[in-house]
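Below is final38.pdb, holding PDB, C-alpha atoms.
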```
ATOM      1  CA  MET A 266       0.000   0.000   0.000
ATOM      2  CA  MET A 267       1.116   3.532  -0.736
ATOM      3  CA  ARG A 268       0.828   6.546   1.509
ATOM      4  CA  HIS A 269       1.679  10.101   0.643
ATOM      5  CA  LEU A 270       2.397  13.230   2.642
ATOM      6  CA  GLU A 271       3.332  16.707   1.487
ATOM      7  CA  MET A 272       4.461  19.276   3.993
ATOM      8  CA  ALA A 273       6.152  22.619   4.353
ATOM      9  CA  ALA A 274       9.806  22.159   5.276
ATOM     10  CA  GLU A 275       9.518  23.630   8.762
ATOM     11  CA  ALA A 276      10.976  22.383  12.038
ATOM     12  CA  GLY A 277       7.506  22.207  13.527
ATOM     13  CA  ASN A 278       6.384  19.704  10.877
ATOM     14  CA  VAL A 279       9.238  17.262  11.373
ATOM     15  CA  ARG A 280       7.432  15.468  14.181
ATOM     16  CA  TYR A 281       4.392  14.837  11.953
ATOM     17  CA  ALA A 282       6.547  13.212   9.303
ATOM     18  CA  ALA A 283       8.276  11.162  12.008
ATOM     19  CA  GLN A 284       4.975  10.021  13.482
ATOM     20  CA  PHE A 285       3.641   9.289   9.982
ATOM     21  CA  ALA A 286       6.688   7.091   9.399
ATOM     22  CA  ARG A 287       6.144   5.278  12.668
ATOM     23  CA  ALA A 288       2.502   4.621  11.751
ATOM     24  CA  CYS A 289       3.665   3.204   8.396
ATOM     25  CA  ALA A 290       6.138   0.953  10.203
ATOM     26  CA  GLU A 291       3.424  -0.327  12.515
ATOM     27  CA  ALA A 292       1.137  -0.927   9.523
ATOM     28  CA  ALA A 293       3.922  -2.942   7.898
ATOM     29  CA  GLY A 294       4.147  -5.097  11.020
ATOM     30  CA  PHE A 295       7.478  -3.910  12.445
ATOM     31  CA  ASP A 296       7.919  -4.352  16.194
ATOM     32  CA  ASP A 297       8.078  -1.388  18.589
ATOM     33  CA  ARG A 298      11.848  -1.073  18.522
ATOM     34  CA  ALA A 299      12.030  -1.099  14.717
ATOM     35  CA  ALA A 300       9.101   1.313  14.464
ATOM     36  CA  ARG A 301      10.911   3.701  16.831
ATOM     37  CA  GLN A 302      14.007   3.467  14.638
ATOM     38  CA  VAL A 303      11.961   4.288  11.548
ATOM     39  CA  GLU A 304      10.432   7.277  13.352
ATOM     40  CA  LEU A 305      13.883   8.530  14.284
ATOM     41  CA  ALA A 306      15.284   8.010  10.768
ATOM     42  CA  MET A 307      12.430  10.027   9.257
ATOM     43  CA  ASP A 308      12.864  12.751  11.869
ATOM     44  CA  GLU A 309      16.548  13.042  11.007
ATOM     45  CA  ALA A 310      15.925  12.985   7.245
ATOM     46  CA  CYS A 311      13.327  15.757   7.415
ATOM     47  CA  ALA A 312      15.341  17.806   9.898
ATOM     48  CA  ASN A 313      18.288  17.663   7.525
ATOM     49  CA  ILE A 314      16.135  18.906   4.647
ATOM     50  CA  VAL A 315      14.759  21.767   6.749
ATOM     51  CA  ASP A 316      18.149  22.791   8.116
ATOM     52  CA  HIS A 317      20.520  22.097   5.255
ATOM     53  CA  ALA A 318      18.611  21.755   1.978
ATOM     54  CA  TYR A 319      16.497  24.824   2.571
ATOM     55  CA  HIS A 320      18.596  26.476   5.284
ATOM     56  CA  GLY A 321      15.409  27.497   6.993
ATOM     57  CA  SER A 322      14.003  29.135   3.828
ATOM     58  CA  PRO A 323      10.512  28.195   2.590
ATOM     59  CA  GLY A 324      10.266  24.891   0.772
ATOM     60  CA  SER A 325       8.372  21.646   0.729
ATOM     61  CA  ILE A 326       9.040  17.991   1.341
ATOM     62  CA  THR A 327       7.121  15.348  -0.582
ATOM     63  CA  LEU A 328       7.057  12.075   1.236
ATOM     64  CA  SER A 329       5.854   8.745  -0.137
ATOM     65  CA  ALA A 330       5.717   5.454   1.698
ATOM     66  CA  ASN A 331       5.423   2.030   0.096
ATOM     67  CA  ILE A 332       4.297  -0.464   2.724
ATOM     68  CA  GLU A 333       4.748  -4.157   1.999
ATOM     69  CA  PRO A 334       3.251  -5.782   5.101
ATOM     70  CA  GLY A 335       5.506  -8.417   6.575
ATOM     71  CA  GLN A 336       8.250  -7.599   4.079
ATOM     72  CA  LYS A 337       9.599  -4.081   3.970
ATOM     73  CA  LEU A 338       8.925  -0.389   4.068
ATOM     74  CA  THR A 339      10.311   2.128   1.591
ATOM     75  CA  PHE A 340      10.201   5.895   1.925
ATOM     76  CA  VAL A 341      10.976   8.405  -0.797
ATOM     77  CA  LEU A 342      11.567  12.016   0.224
ATOM     78  CA  ILE A 343      11.809  14.729  -2.382
ATOM     79  CA  ASP A 344      12.945  18.276  -1.843
ATOM     80  CA  ARG A 345      13.987  21.120  -4.096
ATOM     81  CA  GLY A 346      16.673  22.541  -1.877
ATOM     82  CA  ARG A 347      20.439  22.577  -2.045
ATOM     83  CA  PRO A 348      22.187  19.276  -2.682
ATOM     84  CA  PHE A 349      25.039  18.056  -0.509
ATOM     85  CA  ASP A 350      27.690  15.367  -0.613
ATOM     86  CA  PRO A 351      26.669  12.612   1.843
ATOM     87  CA  ASP A 352      30.152  11.115   1.654
ATOM     88  CA  ASN A 353      31.590  14.365   2.895
ATOM     89  CA  ILE A 354      29.753  14.398   6.201
ATOM     90  CA  GLN A 355      31.894  13.583   9.209
ATOM     91  CA  LYS A 356      30.780  10.542  11.207
ATOM     92  CA  PRO A 357      30.318  10.897  14.959
ATOM     93  CA  ALA A 358      33.755   9.316  15.520
ATOM     94  CA  GLN A 359      32.732   6.909  18.235
ATOM     95  CA  GLY A 360      35.386   6.123  20.769
ATOM     96  CA  LYS A 361      37.043   9.494  20.460
ATOM     97  CA  ALA A 362      37.729  11.729  23.429
ATOM     98  CA  LEU A 363      34.963  14.142  24.334
ATOM     99  CA  ASP A 364      36.767  17.258  23.154
ATOM    100  CA  GLU A 365      37.479  15.612  19.785
ATOM    101  CA  LEU A 366      33.862  14.697  19.123
ATOM    102  CA  PRO A 367      32.196  16.723  16.403
ATOM    103  CA  VAL A 368      28.753  17.980  17.331
ATOM    104  CA  GLY A 369      27.352  17.598  13.794
ATOM    105  CA  GLY A 370      26.881  14.668  11.418
ATOM    106  CA  LEU A 371      24.671  12.692  13.774
ATOM    107  CA  GLY A 372      21.515  12.799  11.686
ATOM    108  CA  LEU A 373      22.955  11.149   8.596
ATOM    109  CA  PHE A 374      24.732   8.574  10.727
ATOM    110  CA  ILE A 375      21.484   7.683  12.488
ATOM    111  CA  ILE A 376      19.661   7.280   9.160
ATOM    112  CA  ARG A 377      22.345   4.913   7.879
ATOM    113  CA  GLN A 378      22.424   2.920  11.103
ATOM    114  CA  THR A 379      18.658   2.453  11.379
ATOM    115  CA  MET A 380      17.607   1.932   7.760
ATOM    116  CA  ASP A 381      18.831  -0.990   5.650
ATOM    117  CA  ASP A 382      19.256   0.837   2.357
ATOM    118  CA  VAL A 383      19.790   4.592   1.984
ATOM    119  CA  ARG A 384      20.210   6.239  -1.395
ATOM    120  CA  PHE A 385      20.640   9.914  -2.244
ATOM    121  CA  GLU A 386      20.110  11.368  -5.709
ATOM    122  CA  PHE A 387      20.596  15.058  -6.331
ATOM    123  CA  ASP A 388      19.462  17.613  -8.887
ATOM    124  CA  ILE A 389      17.170  15.220 -10.769
ATOM    125  CA  PRO A 390      15.670  17.263 -13.627
ATOM    126  CA  GLY A 391      12.055  18.109 -12.937
ATOM    127  CA  VAL A 392      12.201  16.480  -9.518
ATOM    128  CA  GLY A 393      14.926  17.866  -7.279
ATOM    129  CA  ASN A 394      16.747  15.825  -4.655
ATOM    130  CA  ARG A 395      15.535  12.375  -3.747
ATOM    131  CA  LEU A 396      16.257  10.285  -0.675
ATOM    132  CA  THR A 397      15.109   6.659  -0.767
ATOM    133  CA  MET A 398      15.348   4.684   2.443
ATOM    134  CA  THR A 399      14.208   1.151   3.054
ATOM    135  CA  LYS A 400      13.816  -1.024   6.119
ATOM    136  CA  GLU A 401      13.410  -4.763   5.729
ATOM    137  CA  MET A 402      11.535  -7.003   8.108
ATOM    138  CA  ARG A 403      13.891  -9.340   9.944
ATOM    139  CA  ASN A 404      11.588 -12.358  10.051
ATOM    140  CA  LYS A 405       9.598 -11.965   6.879
ATOM    141  CA  ALA A 406       6.040 -13.230   6.647
TER
ATOM    142  CA  MET B 291       7.945  20.535  25.297
ATOM    143  CA  GLN B 292       8.278  22.238  28.657
ATOM    144  CA  LEU B 293      11.421  22.793  30.669
ATOM    145  CA  LYS B 294      11.743  23.383  34.380
ATOM    146  CA  VAL B 295      15.021  24.297  36.015
ATOM    147  CA  LYS B 296      15.518  24.029  39.744
ATOM    148  CA  GLN B 297      18.454  23.707  42.102
ATOM    149  CA  LEU B 298      19.123  21.042  44.661
ATOM    150  CA  LYS B 299      22.333  20.936  46.710
ATOM    151  CA  HIS B 300      24.079  23.312  44.277
ATOM    152  CA  VAL B 301      23.152  21.091  41.336
ATOM    153  CA  ASP B 302      20.919  22.375  38.516
ATOM    154  CA  ILE B 303      18.177  19.988  37.484
ATOM    155  CA  VAL B 304      16.713  20.573  34.029
ATOM    156  CA  SER B 305      13.458  18.620  33.756
ATOM    157  CA  VAL B 306      12.261  17.936  30.229
ATOM    158  CA  ASP B 307       8.552  17.291  29.744
ATOM    159  CA  GLY B 308       7.751  16.277  26.174
ATOM    160  CA  ARG B 309       9.609  15.605  22.974
ATOM    161  CA  VAL B 310      13.042  16.985  22.052
ATOM    162  CA  ASP B 311      13.415  17.334  18.287
ATOM    163  CA  SER B 312      14.575  20.017  15.845
ATOM    164  CA  MET B 313      11.636  22.220  16.853
ATOM    165  CA  THR B 314      12.130  22.078  20.608
ATOM    166  CA  ALA B 315      15.862  21.346  20.960
ATOM    167  CA  PRO B 316      16.825  25.039  20.600
ATOM    168  CA  GLU B 317      14.934  25.749  23.815
ATOM    169  CA  LEU B 318      16.869  23.035  25.665
ATOM    170  CA  ASP B 319      20.091  24.322  24.113
ATOM    171  CA  THR B 320      19.337  27.865  25.288
ATOM    172  CA  ALA B 321      18.539  26.693  28.810
ATOM    173  CA  LEU B 322      21.740  24.652  29.061
ATOM    174  CA  LYS B 323      23.877  27.435  27.584
ATOM    175  CA  GLY B 324      22.305  29.848  30.040
ATOM    176  CA  LEU B 325      23.400  27.690  32.961
ATOM    177  CA  VAL B 326      26.914  27.309  31.605
ATOM    178  CA  GLU B 327      27.232  31.052  31.044
ATOM    179  CA  LYS B 328      26.320  31.624  34.679
ATOM    180  CA  GLY B 329      29.202  29.366  35.654
ATOM    181  CA  ARG B 330      27.033  26.424  36.613
ATOM    182  CA  ARG B 331      28.951  23.183  36.171
ATOM    183  CA  LYS B 332      26.814  20.543  37.885
ATOM    184  CA  ILE B 333      23.837  19.750  35.686
ATOM    185  CA  VAL B 334      21.288  16.944  35.785
ATOM    186  CA  ILE B 335      18.932  16.488  32.838
ATOM    187  CA  ASP B 336      15.795  14.725  34.035
ATOM    188  CA  LEU B 337      14.345  12.809  31.098
ATOM    189  CA  SER B 338      11.737  10.839  33.036
ATOM    190  CA  LYS B 339       8.931  12.760  31.315
ATOM    191  CA  CYS B 340      10.680  12.905  27.949
ATOM    192  CA  GLN B 341       9.443  10.384  25.428
ATOM    193  CA  TYR B 342      11.798  11.111  22.570
ATOM    194  CA  VAL B 343      15.108  12.742  21.728
ATOM    195  CA  SER B 344      16.426  13.190  18.191
ATOM    196  CA  SER B 345      19.953  14.167  17.206
ATOM    197  CA  ALA B 346      19.041  17.828  17.704
ATOM    198  CA  GLY B 347      18.552  17.096  21.398
ATOM    199  CA  LEU B 348      21.731  15.036  21.572
ATOM    200  CA  ARG B 349      23.657  17.926  20.062
ATOM    201  CA  ALA B 350      22.377  20.292  22.732
ATOM    202  CA  MET B 351      23.310  17.842  25.480
ATOM    203  CA  LEU B 352      26.735  17.082  24.014
ATOM    204  CA  SER B 353      27.509  20.758  23.556
ATOM    205  CA  ALA B 354      26.726  21.448  27.210
ATOM    206  CA  LEU B 355      28.670  18.388  28.392
ATOM    207  CA  LYS B 356      31.759  19.600  26.532
ATOM    208  CA  GLN B 357      31.520  22.951  28.262
ATOM    209  CA  VAL B 358      31.110  21.664  31.820
ATOM    210  CA  LYS B 359      33.655  18.848  31.712
ATOM    211  CA  GLY B 360      36.919  19.600  33.480
ATOM    212  CA  GLY B 361      35.554  20.574  36.829
ATOM    213  CA  GLY B 362      31.900  19.697  36.323
ATOM    214  CA  ASN B 363      29.588  17.180  34.712
ATOM    215  CA  LEU B 364      26.229  16.759  33.023
ATOM    216  CA  VAL B 365      24.372  13.549  33.834
ATOM    217  CA  LEU B 366      21.055  12.052  32.761
ATOM    218  CA  VAL B 367      18.172  10.682  34.792
ATOM    219  CA  GLY B 368      15.255   8.490  33.751
ATOM    220  CA  ALA B 369      16.102   7.975  30.079
ATOM    221  CA  SER B 370      13.432   5.868  28.348
ATOM    222  CA  PRO B 371      14.317   2.766  26.314
ATOM    223  CA  GLN B 372      14.031   4.848  23.118
ATOM    224  CA  ILE B 373      16.428   7.462  24.412
ATOM    225  CA  ARG B 374      18.867   4.835  25.688
ATOM    226  CA  GLU B 375      18.774   3.136  22.289
ATOM    227  CA  THR B 376      19.462   6.422  20.522
ATOM    228  CA  LEU B 377      22.373   7.204  22.836
ATOM    229  CA  GLN B 378      23.801   3.745  22.188
ATOM    230  CA  LEU B 379      23.258   4.065  18.444
ATOM    231  CA  VAL B 380      25.497   7.124  18.200
ATOM    232  CA  GLY B 381      27.954   5.915  20.843
ATOM    233  CA  PHE B 382      27.017   8.548  23.427
ATOM    234  CA  HIS B 383      26.035   6.015  26.096
ATOM    235  CA  THR B 384      29.652   6.001  27.299
ATOM    236  CA  LEU B 385      29.785   9.784  27.499
ATOM    237  CA  PHE B 386      26.789  10.441  29.696
ATOM    238  CA  THR B 387      26.496   8.928  33.165
ATOM    239  CA  GLN B 388      22.926   7.780  33.632
ATOM    240  CA  PHE B 389      20.837   7.359  36.754
ATOM    241  CA  ASP B 390      17.368   6.049  37.481
ATOM    242  CA  ASP B 391      16.863   8.351  40.452
ATOM    243  CA  ILE B 392      17.302  12.135  40.708
ATOM    244  CA  LEU B 393      18.720  12.037  44.229
ATOM    245  CA  ASP B 394      21.392   9.544  43.174
ATOM    246  CA  ALA B 395      22.245  11.832  40.262
ATOM    247  CA  VAL B 396      22.531  14.877  42.549
ATOM    248  CA  ASP B 397      24.610  12.954  45.085
ATOM    249  CA  SER B 398      27.018  11.868  42.349
ATOM    250  CA  PHE B 399      28.515  15.370  42.262
TER
END
```

Take the structure in this file and express it as structure tokens.
Amino acid sequence: MMRHLEMAAEAGNVRYAAQFARACAEAAGFDDRAARQVELAMDEACANIVDHAYHGSPGSITLSANIEPGQKLTFVLIDRGRPFDPDNIQKPAQGKALDELPVGGLGLFIIRQTMDDVRFEFDIPGVGNRLTMTKEMRNKA
Amino acid sequence: MQLKVKQLKHVDIVSVDGRVDSMTAPELDTALKGLVEKGRRKIVIDLSKCQYVSSAGLRAMLSALKQVKGGGNLVLVGASPQIRETLQLVGFHTLFTQFDDILDAVDSF
């Protein structure tokens, strides 16, 4: 089943996208822990678009969810903001001393840790930037 | 989200009621920075009424921890399973000392 959400790229809307994602995860049959991870991944993805793609300027996020109950959940997020290089974002550098820890880069790291497949495509003609993230069910129906 | 700040035995307790995400994290960040700027170095963040923290909240907490370390500390109380999982996910569970009880957290200073 497909679900669709379009929202203004504002910090106040991030929670709605996150809760929408969690509802999709529950509909797909993910357990509580996995559903919480999906909620967090969506939160981070939308927050990144608000903060970095649009830099707080007006814009929209188009969000589609493809729910395959018992199998997997795929989200596609589209924005028309600035692209970035996901390979150029510093990881949280776990194990480092406190004063060496960067404060940024957590959001992208969380997305990659919680979702099974994460793909970025930038500057697609007529579309914009597209993030596709998928979570697979561990014990498939 | 609502914040309450009170003092107990020279320790500042910041109680978070609600969800900390990119919308509400700036308020937590401001409150923590305000304490640090006043020279406060013993901070407890009470998360027992906080259901959710995203990376925006973690950034605010990490930023404050960096500023109080070396003479002070910032510890957490009552983190939910979701928050504990998030801390573990990004490797912050070793940075923040966690307590189940506020009085134990205060007495740790």

*Enumerate as a ChimeraX atom specification the residues belonging to chain B that approach chain A to within 10 Å, with all atoms listed in the file taken into account.*
/B:309-314,342-346,348-353,355-357,359,371-372,375-376,379-382,384-385

*How many Å lie between CA of Asp350 in chain A and CA of Arg287 in chain A, rounded to one decimal?*
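Distance reported for this atom pair: 27.2 Å.
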
*Report the residues retrieved by the PyMOL selection byres ((chain A and resi 337) around 12) from the displayed file, expressed as a PyMOL selection string.*
chain A and resi 266+289-295+299-300+303+330-336+338-340+380-382+398-406

For the PyMOL selection byres ((chain B and resi 330) around 12), applied here, can you spell out every residue it catches as a short mmCIF file (atom, residue, chain, number, x, y, z; two decimals) with C-alpha atoms, in the frame of the given file?
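What follows is the written file expr15.cif:
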```cif
data_model
loop_
_atom_site.label_atom_id
_atom_site.label_comp_id
_atom_site.auth_asym_id
_atom_site.auth_seq_id
_atom_site.Cartn_x
_atom_site.Cartn_y
_atom_site.Cartn_z
CA GLN B 297 18.45 23.71 42.10
CA HIS B 300 24.08 23.31 44.28
CA VAL B 301 23.15 21.09 41.34
CA ASP B 302 20.92 22.38 38.52
CA ILE B 303 18.18 19.99 37.48
CA ALA B 321 18.54 26.69 28.81
CA LEU B 322 21.74 24.65 29.06
CA LYS B 323 23.88 27.44 27.58
CA GLY B 324 22.30 29.85 30.04
CA LEU B 325 23.40 27.69 32.96
CA VAL B 326 26.91 27.31 31.60
CA GLU B 327 27.23 31.05 31.04
CA LYS B 328 26.32 31.62 34.68
CA GLY B 329 29.20 29.37 35.65
CA ARG B 331 28.95 23.18 36.17
CA LYS B 332 26.81 20.54 37.88
CA ILE B 333 23.84 19.75 35.69
CA VAL B 334 21.29 16.94 35.78
CA ALA B 354 26.73 21.45 27.21
CA LEU B 355 28.67 18.39 28.39
CA GLN B 357 31.52 22.95 28.26
CA VAL B 358 31.11 21.66 31.82
CA LYS B 359 33.66 18.85 31.71
CA GLY B 361 35.55 20.57 36.83
CA GLY B 362 31.90 19.70 36.32
CA ASN B 363 29.59 17.18 34.71
CA LEU B 364 26.23 16.76 33.02
#
```

*By how many Å are CA of Ala315 in chain B and CA of Cys340 in chain B apart?*
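Spanning CA of Ala315 in chain B to CA of Cys340 in chain B is a straight-line distance of 12.1 Å.
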
*asked:* Just to confirm, what's the straight-line distance from CA of Thr387 in chain B to CA of Lys339 in chain B in Å (one decimal)?
replied: 18.1 Å

For this structure, which residues satisfy the selection - the PyMOL selection byres ((chain A and resi 342) around 9) - when it is evaluated on the file as given? I want them as an mmCIF file with C-alpha atoms, in the frame of the given file.
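part-v4.cif was written with the following content:
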```cif
data_model
loop_
_atom_site.group_PDB
_atom_site.id
_atom_site.type_symbol
_atom_site.label_atom_id
_atom_site.label_comp_id
_atom_site.auth_asym_id
_atom_site.auth_seq_id
_atom_site.Cartn_x
_atom_site.Cartn_y
_atom_site.Cartn_z
ATOM 1 C CA ALA A 310 15.925 12.985 7.245
ATOM 2 C CA CYS A 311 13.327 15.757 7.415
ATOM 3 C CA ILE A 326 9.040 17.991 1.341
ATOM 4 C CA THR A 327 7.121 15.348 -0.582
ATOM 5 C CA LEU A 328 7.057 12.075 1.236
ATOM 6 C CA SER A 329 5.854 8.745 -0.137
ATOM 7 C CA ALA A 330 5.717 5.454 1.698
ATOM 8 C CA PHE A 340 10.201 5.895 1.925
ATOM 9 C CA VAL A 341 10.976 8.405 -0.797
ATOM 10 C CA ILE A 343 11.809 14.729 -2.382
ATOM 11 C CA ASP A 344 12.945 18.276 -1.843
ATOM 12 C CA ASN A 394 16.747 15.825 -4.655
ATOM 13 C CA ARG A 395 15.535 12.375 -3.747
ATOM 14 C CA LEU A 396 16.257 10.285 -0.675
ATOM 15 C CA THR A 397 15.109 6.659 -0.767
ATOM 16 C CA MET A 398 15.348 4.684 2.443
#
```

Missing atoms in range 297-310 of chain B should be modelled up to N, CA and C atoms and reported as a PDB file, in the frame of the given file.
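As written to disk, result.pdb reads:
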```
ATOM      1  N   GLN B 297      17.169  24.056  41.489  1.00  0.00           N
ATOM      2  CA  GLN B 297      18.454  23.707  42.102  1.00  0.00           C
ATOM      3  C   GLN B 297      18.241  22.834  43.320  1.00  0.00           C
ATOM      4  N   LEU B 298      19.145  21.892  43.479  1.00  0.00           N
ATOM      5  CA  LEU B 298      19.123  21.042  44.661  1.00  0.00           C
ATOM      6  C   LEU B 298      20.566  20.760  45.040  1.00  0.00           C
ATOM      7  N   LYS B 299      20.956  21.146  46.245  1.00  0.00           N
ATOM      8  CA  LYS B 299      22.333  20.936  46.710  1.00  0.00           C
ATOM      9  C   LYS B 299      23.367  21.453  45.694  1.00  0.00           C
ATOM     10  N   HIS B 300      23.153  22.654  45.207  1.00  0.00           N
ATOM     11  CA  HIS B 300      24.079  23.312  44.277  1.00  0.00           C
ATOM     12  C   HIS B 300      24.166  22.627  42.913  1.00  0.00           C
ATOM     13  N   VAL B 301      23.214  21.751  42.641  1.00  0.00           N
ATOM     14  CA  VAL B 301      23.152  21.091  41.336  1.00  0.00           C
ATOM     15  C   VAL B 301      21.918  21.614  40.601  1.00  0.00           C
ATOM     16  N   ASP B 302      22.058  21.914  39.307  1.00  0.00           N
ATOM     17  CA  ASP B 302      20.919  22.375  38.516  1.00  0.00           C
ATOM     18  C   ASP B 302      20.234  21.187  37.851  1.00  0.00           C
ATOM     19  N   ILE B 303      18.949  21.081  38.083  1.00  0.00           N
ATOM     20  CA  ILE B 303      18.177  19.988  37.484  1.00  0.00           C
ATOM     21  C   ILE B 303      17.289  20.578  36.391  1.00  0.00           C
ATOM     22  N   VAL B 304      17.531  20.123  35.158  1.00  0.00           N
ATOM     23  CA  VAL B 304      16.713  20.573  34.029  1.00  0.00           C
ATOM     24  C   VAL B 304      15.740  19.436  33.708  1.00  0.00           C
ATOM     25  N   SER B 305      14.471  19.661  33.999  1.00  0.00           N
ATOM     26  CA  SER B 305      13.458  18.620  33.756  1.00  0.00           C
ATOM     27  C   SER B 305      12.798  18.862  32.413  1.00  0.00           C
ATOM     28  N   VAL B 306      12.824  17.835  31.574  1.00  0.00           N
ATOM     29  CA  VAL B 306      12.261  17.936  30.229  1.00  0.00           C
ATOM     30  C   VAL B 306      10.930  17.191  30.194  1.00  0.00           C
ATOM     31  N   ASP B 307       9.878  17.914  29.838  1.00  0.00           N
ATOM     32  CA  ASP B 307       8.552  17.291  29.744  1.00  0.00           C
ATOM     33  C   ASP B 307       8.107  17.386  28.296  1.00  0.00           C
ATOM     34  N   GLY B 308       8.167  16.266  27.575  1.00  0.00           N
ATOM     35  CA  GLY B 308       7.751  16.277  26.174  1.00  0.00           C
ATOM     36  C   GLY B 308       8.814  15.709  25.263  1.00  0.00           C
ATOM     37  N   ARG B 309       8.787  16.148  24.052  1.00  0.00           N
ATOM     38  CA  ARG B 309       9.609  15.605  22.974  1.00  0.00           C
ATOM     39  C   ARG B 309      10.711  16.593  22.586  1.00  0.00           C
ATOM     40  N   VAL B 310      11.943  16.111  22.464  1.00  0.00           N
ATOM     41  CA  VAL B 310      13.042  16.985  22.052  1.00  0.00           C
ATOM     42  C   VAL B 310      13.409  16.647  20.617  1.00  0.00           C
TER      43      VAL B 310
END
```
